[in-house]
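Visitor: Pasting a structure here, questions to come.
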Amino acid sequence: MGTGGSANLLNEKFNKFQVVFLRRDCSGAINRTPIDFGGLFDGLTDEDKASWCIETPGRNQDENVAPVEFLGPSMPAQRGYCSFLVQKDESAYRNTLDRLPLQNPLSGIHWHYPSSALWLFVGRNPLGNLNLRGRPEHTDSITNDGTWHFQYSGQKTWFLRPSQQLLDHFKKYNVATNCTASTRIRVECRQGDILCVNTRLWFHSTAIPAQETKSISYAR
């Protein structure tokens with residue numbers, strides 16, 4: 001993983017390791033384009049609203065909290081980690097995409113996006129709490145090369161572990177790495193950071209550290 005470089009170099013690194021991490025300060029662009037995510041969700045079609053998912057069911061999340069309230073600008077005491085998809089509502093998708101600080105952070109790398117799909121992840125974990133964990137470690141059933149995740153605000157921690165398929169890829173292409181099946185990589189994403197990862201080949205899980213603000217990220 002790295003913190004910068006040309007598109008060609010980043011493309012080369014991604015093809016080798018199937019993951020690239022970029023540490024970037026995009027706070028200026030983010031602060032100039034604030035988005036009301038509660039209002040965004042409230043204006044979606046019922047089909048997109050049905051995509052609302054509680055990433056941390058049970059004791060970590062008050063499942064009775066309305067999505068608009070959870071996504072709103074205030075910071076109540078509720079802890080939670082949720083996601084939703086902007087996909088079926090083409091107008092909302094285009095309008096939201098136009099307002100986001102970055103639409104494709106790695107020019108020169110051609111991501112194979114599903115048509116009109118934008119994933120948003122929001123976590124609330126007020127100070128004084130332990131890390132709020134998302135879904136257990138897993139891989140995704142995808143056919144594209146991977147997704148990139150932009151940390152819009154707050155922080156999120158990723159945990160990555162290579163699958164056997166990825167280890168076979170390293171061996172086949174003579175990729176120099178010390179990774180084994182038990183290797184676990186921790187990635188701390190802060191505002192402006194970008195994680196590009198093939199979630200089909202990397203086992204992954206996430207956690208929301210305790211913090212003063214919401215953790216918001218989006219993925220394509």
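In the structure tokens, chains take the letters A, B, ... in the order shown, each chain's residues start at 1, and ligands count up from 1 in the order shown.
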Identify, on the basis of only C-alpha atoms, every residue whose closest approach to Val175 (chain A) does not exceed 12 Å; exclude the query and any residue fewer than 5 positions from it along the same chain; express the result as a short mmCIF file (atom, residue, chain, number, x, y, z; two decimals) with C-alpha atoms, in the first residue's frame.
Guide:
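And here is the file that came out, part-v1.cif:
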```
data_model
loop_
_atom_site.label_atom_id
_atom_site.label_comp_id
_atom_site.auth_asym_id
_atom_site.auth_seq_id
_atom_site.Cartn_x
_atom_site.Cartn_y
_atom_site.Cartn_z
CA GLU A 12 0.56 -1.43 -11.25
CA LYS A 13 0.46 -1.68 -7.45
CA PHE A 14 -3.24 -2.49 -7.45
CA ASN A 15 -2.84 -5.20 -10.07
CA LYS A 16 -0.11 -6.79 -7.94
CA PHE A 17 -1.55 -6.49 -4.46
CA GLN A 18 -5.26 -5.93 -5.18
CA LEU A 166 -5.20 -13.98 -3.41
CA LEU A 167 -2.20 -15.94 -2.10
CA ASP A 168 -2.35 -18.04 -5.26
CA HIS A 169 -2.38 -14.81 -7.27
CA PHE A 170 0.76 -13.62 -5.44
#
```
Visitor: Extract, using only C-alpha atoms, all DNA, RNA and protein residues at most 7 Å from Ala207 (chain A), discarding same-chain residues fewer than 4 positions from it, and format them as a ChimeraX atom specification.
Guide: /A:131-134,156-158
Visitor: Residues within 9 Å of region 87-97 of chain A, please, as a PDB file with N, CA and C atoms, in the first residue's frame. Count only C-alpha atoms; anything in the same chain fewer than 4 positions from it doesn't count.
Guide:
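Contents of the output file part27.pdb:
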```pdb
ATOM      1  N   ILE A  35     -23.124  17.835   2.601  1.00  0.00           N
ATOM      2  CA  ILE A  35     -24.303  17.129   2.096  1.00  0.00           C
ATOM      3  C   ILE A  35     -25.195  16.749   3.273  1.00  0.00           C
ATOM      4  N   LEU A  40     -31.039  13.539   1.917  1.00  0.00           N
ATOM      5  CA  LEU A  40     -30.826  12.696   0.744  1.00  0.00           C
ATOM      6  C   LEU A  40     -31.629  11.410   0.859  1.00  0.00           C
ATOM      7  N   GLY A  43     -35.410  11.759   0.511  1.00  0.00           N
ATOM      8  CA  GLY A  43     -35.915  12.033  -0.827  1.00  0.00           C
ATOM      9  C   GLY A  43     -35.776  10.878  -1.799  1.00  0.00           C
ATOM     10  N   LEU A  44     -35.237   9.756  -1.351  1.00  0.00           N
ATOM     11  CA  LEU A  44     -35.048   8.606  -2.237  1.00  0.00           C
ATOM     12  C   LEU A  44     -36.371   7.894  -2.522  1.00  0.00           C
ATOM     13  N   THR A  45     -36.380   7.101  -3.557  1.00  0.00           N
ATOM     14  CA  THR A  45     -37.533   6.259  -3.854  1.00  0.00           C
ATOM     15  C   THR A  45     -37.647   5.165  -2.796  1.00  0.00           C
ATOM     16  N   GLU A  47     -37.771   2.110  -3.258  1.00  0.00           N
ATOM     17  CA  GLU A  47     -36.899   0.997  -3.628  1.00  0.00           C
ATOM     18  C   GLU A  47     -35.493   1.195  -3.082  1.00  0.00           C
ATOM     19  N   ASP A  48     -34.978   2.425  -3.154  1.00  0.00           N
ATOM     20  CA  ASP A  48     -33.655   2.700  -2.596  1.00  0.00           C
ATOM     21  C   ASP A  48     -33.700   2.741  -1.069  1.00  0.00           C
ATOM     22  N   PRO A 101     -17.041  15.222  -3.183  1.00  0.00           N
ATOM     23  CA  PRO A 101     -15.711  15.807  -3.425  1.00  0.00           C
ATOM     24  C   PRO A 101     -14.930  15.092  -4.519  1.00  0.00           C
ATOM     25  N   LEU A 102     -15.077  13.776  -4.612  1.00  0.00           N
ATOM     26  CA  LEU A 102     -14.346  12.996  -5.603  1.00  0.00           C
ATOM     27  C   LEU A 102     -15.292  12.005  -6.270  1.00  0.00           C
ATOM     28  N   GLN A 103     -15.218  11.934  -7.582  1.00  0.00           N
ATOM     29  CA  GLN A 103     -16.019  10.958  -8.325  1.00  0.00           C
ATOM     30  C   GLN A 103     -15.180   9.792  -8.800  1.00  0.00           C
ATOM     31  N   SER A 115     -23.857  -0.321 -12.818  1.00  0.00           N
ATOM     32  CA  SER A 115     -24.509   0.877 -13.330  1.00  0.00           C
ATOM     33  C   SER A 115     -25.188   1.651 -12.206  1.00  0.00           C
ATOM     34  N   SER A 116     -24.878   2.940 -12.135  1.00  0.00           N
ATOM     35  CA  SER A 116     -25.545   3.862 -11.205  1.00  0.00           C
ATOM     36  C   SER A 116     -25.635   3.294  -9.789  1.00  0.00           C
ATOM     37  N   ALA A 117     -24.504   3.008  -9.185  1.00  0.00           N
ATOM     38  CA  ALA A 117     -24.508   2.462  -7.826  1.00  0.00           C
ATOM     39  C   ALA A 117     -23.570   3.267  -6.941  1.00  0.00           C
ATOM     40  N   LEU A 118     -24.104   3.754  -5.823  1.00  0.00           N
ATOM     41  CA  LEU A 118     -23.317   4.501  -4.852  1.00  0.00           C
ATOM     42  C   LEU A 118     -23.668   3.995  -3.465  1.00  0.00           C
ATOM     43  N   TRP A 119     -22.673   3.437  -2.769  1.00  0.00           N
ATOM     44  CA  TRP A 119     -22.882   2.928  -1.419  1.00  0.00           C
ATOM     45  C   TRP A 119     -22.462   3.993  -0.409  1.00  0.00           C
TER      46      TRP A 119
END
```
Visitor: Just checking: using only C-alpha atoms, which residue out of A:Gly146, A:Pro162, A:Pro126, A:Gly154 ends up closest to Ala219 (chain A)?
Guide: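 Nearest to Ala219 (chain A): A:Gly146.
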Visitor: Got a sec: who's within 9 Å of Glu137 (chain A), counting only C-alpha atoms, leaving out chain neighbours fewer than 3 positions off, as a VMD selection string?
Guide: chain A and resid 134 159 to 161 203 to 206
Visitor: Got time to write the residues from that selection, N, CA and C atoms, as a compact mmCIF listing (two decimals), in the first residue's frame?
Guide:
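Output file out-v8.txt follows:
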```txt
# COMPACT_ATOMS: atom_id res chain seq x y z
N GLY A 134 -18.45 -3.66 12.65
CA GLY A 134 -19.44 -3.94 11.63
C GLY A 134 -19.62 -5.44 11.47
N PHE A 159 -9.87 -3.95 8.54
CA PHE A 159 -9.01 -5.10 8.82
C PHE A 159 -9.05 -6.01 7.59
N LEU A 160 -7.87 -6.27 7.02
CA LEU A 160 -7.77 -7.05 5.78
C LEU A 160 -6.96 -8.31 6.01
N ARG A 161 -7.38 -9.41 5.38
CA ARG A 161 -6.64 -10.67 5.44
C ARG A 161 -6.74 -11.35 4.08
N PHE A 203 -10.32 -10.86 2.51
CA PHE A 203 -11.25 -10.89 3.63
C PHE A 203 -11.19 -9.52 4.30
N HIS A 204 -12.33 -9.03 4.74
CA HIS A 204 -12.32 -7.69 5.33
C HIS A 204 -13.43 -7.55 6.37
N SER A 205 -13.17 -6.68 7.31
CA SER A 205 -14.16 -6.25 8.29
C SER A 205 -13.81 -4.82 8.66
N THR A 206 -14.73 -4.12 9.29
CA THR A 206 -14.50 -2.72 9.63
C THR A 206 -14.97 -2.43 11.05
```
Visitor: Using only C-alpha atoms, which of A:Val65, A:Leu10, A:Leu201, A:Ala77 sits nearest Thr143 (chain A)?
Guide: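 Among the listed residues, A:Leu201 lies closest to Thr143 (chain A).
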Visitor: As number ranges by chain, list the residues of region 44-204 of chain A assigned to strand (DSSP E) by DSSP on the backbone atoms of this structure.
Guide: A: 53-54, 80-86, 118-124, 132-133, 147-153, 156-162, 185-189, 194-197, 202-204
Visitor: List the neighbours of Lys214 (chain A) out to 9 Å using only C-alpha atoms; skip same-chain residues closer than 6 positions along the sequence, and give me the result as a PyMOL selection string.
Guide: chain A and resi 71+73+75+122-126+153-155
Visitor: Which is closer to Ser182 (chain A) than all the others in A:Ser163, A:Ser51, A:Val86, A:Asn198, using only C-alpha atoms?
Guide: A:Ser163
Visitor: In Å to one decimal, how far is CA of Tyr218 (chain A) from CA of Cys189 (chain A)?
Guide: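 Calculated distance between CA of Cys189 (chain A) and CA of Tyr218 (chain A) is 12.3 Å.
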